[in-house]
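*Asks:* Handing you a structure now.
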Amino acid sequence: MKKQTRNRPSALVSTIRWAVLSVVAITMLIPMYTMVINAFKPQKEIIENPLLITPQSFTLDYLWQAVTSSRFNVIAAYGITLLFVVLVNICCILLSAPVAYVIARGRSKWHLGLLLLFVSGLFIPGQVTLIPVVFVLRVLGLINTIPGFILFETAATLPVTIFLFTAYLRSVPRDIDEAAALDGAGPIRAFWSCIFPIMKPVVATAVVLNSIGVWNDFVSPQIILGPSSGIYTVTTGVYAAVGQFSTDYTQVFPTLLLAVLPAMIFFIVMQRHIIGGLVAGATKG
């Protein structure tokens with residue numbers, strides 16, 4: 001009787017948990033489902049049956065028109081956005097990895113204060129800092145330029161990256177540092193030669209999170225780069241393409257699908273690295 005009484009609450013909690021997760025998943029998937037199926041339908045079908053698709057209404061014509069559209073060069077937008085993603089990740093890792101190593105290996109209160117200073121950046125919305133950033137970049141002559149945008153995006157990704165790296169490095173035994181020192185390696189060489197190679201799980205996590213953030217960012221490139229620069233990322237290109245055709249759903253949905261499809265595929269392929277990197281620090285050592 002006691003075993004049955006104990007099992008009933010746990011079964012009830014599990015049922016409620018799965019029910020809540022199912023509702024949340026459905027709520028999040030419905031907009032995605034709507035966008036995907038309506039990218040392959042004519043305007044009339046989109047308006048009359050937005051949640052249904054039939055073999056008769058399915059067509060690739062509108063998606064192909066979005067790919068070849070003169071208003072939105074999707075190939076160029078992919079290339080520019082991918083360049084930004086790569087440059088931001090490289091700059092972020094080169095800057096945050098040594099900082100996180102110093103913080104993780106430090107024992108004084110100043111190291112903890114430095115970590116809290118960087119982590120505090122997580123609580124400041126990026127949109128709040130855009131206006132001061134625009135003034136600074138204008139003074140430096142970097143507004144409407146790629147270097148200015150790269151600097152801003154790198155600074156925006158530093159807080160979460162340093163936090164992840166520090167948490168992981170604190171689980172790495174100090175014996176590795178001592179062994180490297182005995183072999184004559186200095187702190188810099190010891191980090192890049194011995195410590196950094198074993199940070200692959202958390203580096204992969206940071207790369208995935210930063211890449212999706214840069215790819216999906218709209219406000220920053222729209223303001224920092226601006227239409228006058230002629231440089232369009234995927235999100236700003238979509239806005240420029242569909243802004244004046246907001247009621248033509250045969251252009252809106254295919255263009256939106258082209259914008260988010262690479263990020264969706266990248267996240268699905270790399271999701272195991274996100275989970276692995278987040279739990280690696282807790283289970284290592």
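Within each chain, counting starts at residue 1; across the structure tokens, chains are named A, B, ... in the order shown, with ligands numbered 1 upward in that order.
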Using only C-alpha atoms, find each residue of segment 107-225 of chain A with at least one atom at most 12 Å away from an atom of segment 253-259 of chain A; report its shortest atom-to-atom pair and that distance in Å (one decimal), sort the rows by chain and rising residue number, and return the result as a Markdown table.
*Replies:*
```
| residue | atom | partner | partner_atom | distance |
| --- | --- | --- | --- | --- |
| A:Ile212 | CA | A:Ala259 | CA | 11.8 |
| A:Trp215 | CA | A:Ala259 | CA | 9.0 |
| A:Asn216 | CA | A:Ala259 | CA | 8.6 |
| A:Asp217 | CA | A:Ala259 | CA | 11.5 |
| A:Phe218 | CA | A:Ala259 | CA | 11.6 |
```
*Asks:* I need the chosen residues saved as an mmCIF file, in the first residue's frame, with C-alpha atoms.
*Replies:*
```cif
data_model
loop_
_atom_site.group_PDB
_atom_site.id
_atom_site.type_symbol
_atom_site.label_atom_id
_atom_site.label_comp_id
_atom_site.auth_asym_id
_atom_site.auth_seq_id
_atom_site.Cartn_x
_atom_site.Cartn_y
_atom_site.Cartn_z
ATOM 1 C CA ILE A 212 22.448 31.939 -33.809
ATOM 2 C CA TRP A 215 22.409 35.373 -37.520
ATOM 3 C CA ASN A 216 19.032 36.367 -36.039
ATOM 4 C CA ASP A 217 20.040 39.877 -34.952
ATOM 5 C CA PHE A 218 18.023 42.567 -36.673
#
```
*Asks:* Counting only C-alpha atoms, what is within 9 Å of Ile30 of chain A, bar same-chain residues fewer than 5 positions away, as a list of chain:residue names?
*Replies:*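 Using only C-alpha atoms, the neighbours found are A:Ala25, A:Met35, A:Leu51.
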*Asks:* For Leu158 of chain A, which of A:Ile188, A:Val119, A:Ala241, A:Leu182 is the closest residue, counting only C-alpha atoms?
*Replies:*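 Going through A:Ile188, A:Val119, A:Ala241, A:Leu182 one by one, the smallest distance to Leu158 of chain A is for A:Val119.
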*Asks:* Identify, with DSSP run on backbone atoms, the residues in segment 114-215 of chain A assigned to alpha helix (DSSP H), and express the list as an NGL selection string.
*Replies:* :A and (114-119 or 126-140 or 146-169 or 175-182 or 187-190 or 200-215)
*Asks:* I'd like a table as CSV: residues in segment 32-118 of chain A with an atom no more than 7 Å from segment 134-156 of chain A, each row giving the shortest atom pair and its distance in Å to one decimal, only C-alpha atoms counted, sorted by chain and rising residue number.
*Replies:*
```
residue,atom,partner,partner_atom,distance
A:Phe84,CA,A:Ile150,CA,6.8
A:Val88,CA,A:Thr154,CA,5.3
A:Cys91,CA,A:Thr154,CA,6.5
A:Cys92,CA,A:Thr154,CA,5.4
```
*Asks:* Skipping near chain neighbours, those fewer than 2 positions away, what residues fall within 10 Å of segment 57-64 of chain A using only C-alpha atoms, listed as an NGL selection string?
*Replies:* :A and (37-42 or 44-46 or 52-55 or 66-69 or 249-255 or 257-258)
*Asks:* Do you know which residues are at most 8 Å from Phe267 of chain A counting only C-alpha atoms, after dropping those on the same chain fewer than 4 positions away, and could you put them as a PyMOL selection string?
*Replies:* chain A and resi 208+212+263+271
*Asks:* Taking only C-alpha atoms into account, name the residue in A:Thr81, A:Gln56, A:Ser193, A:Ser228 that is nearest to Ala180 of chain A.
*Replies:*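 Nearest candidate to Ala180 of chain A out of A:Thr81, A:Gln56, A:Ser193, A:Ser228: A:Ser193.
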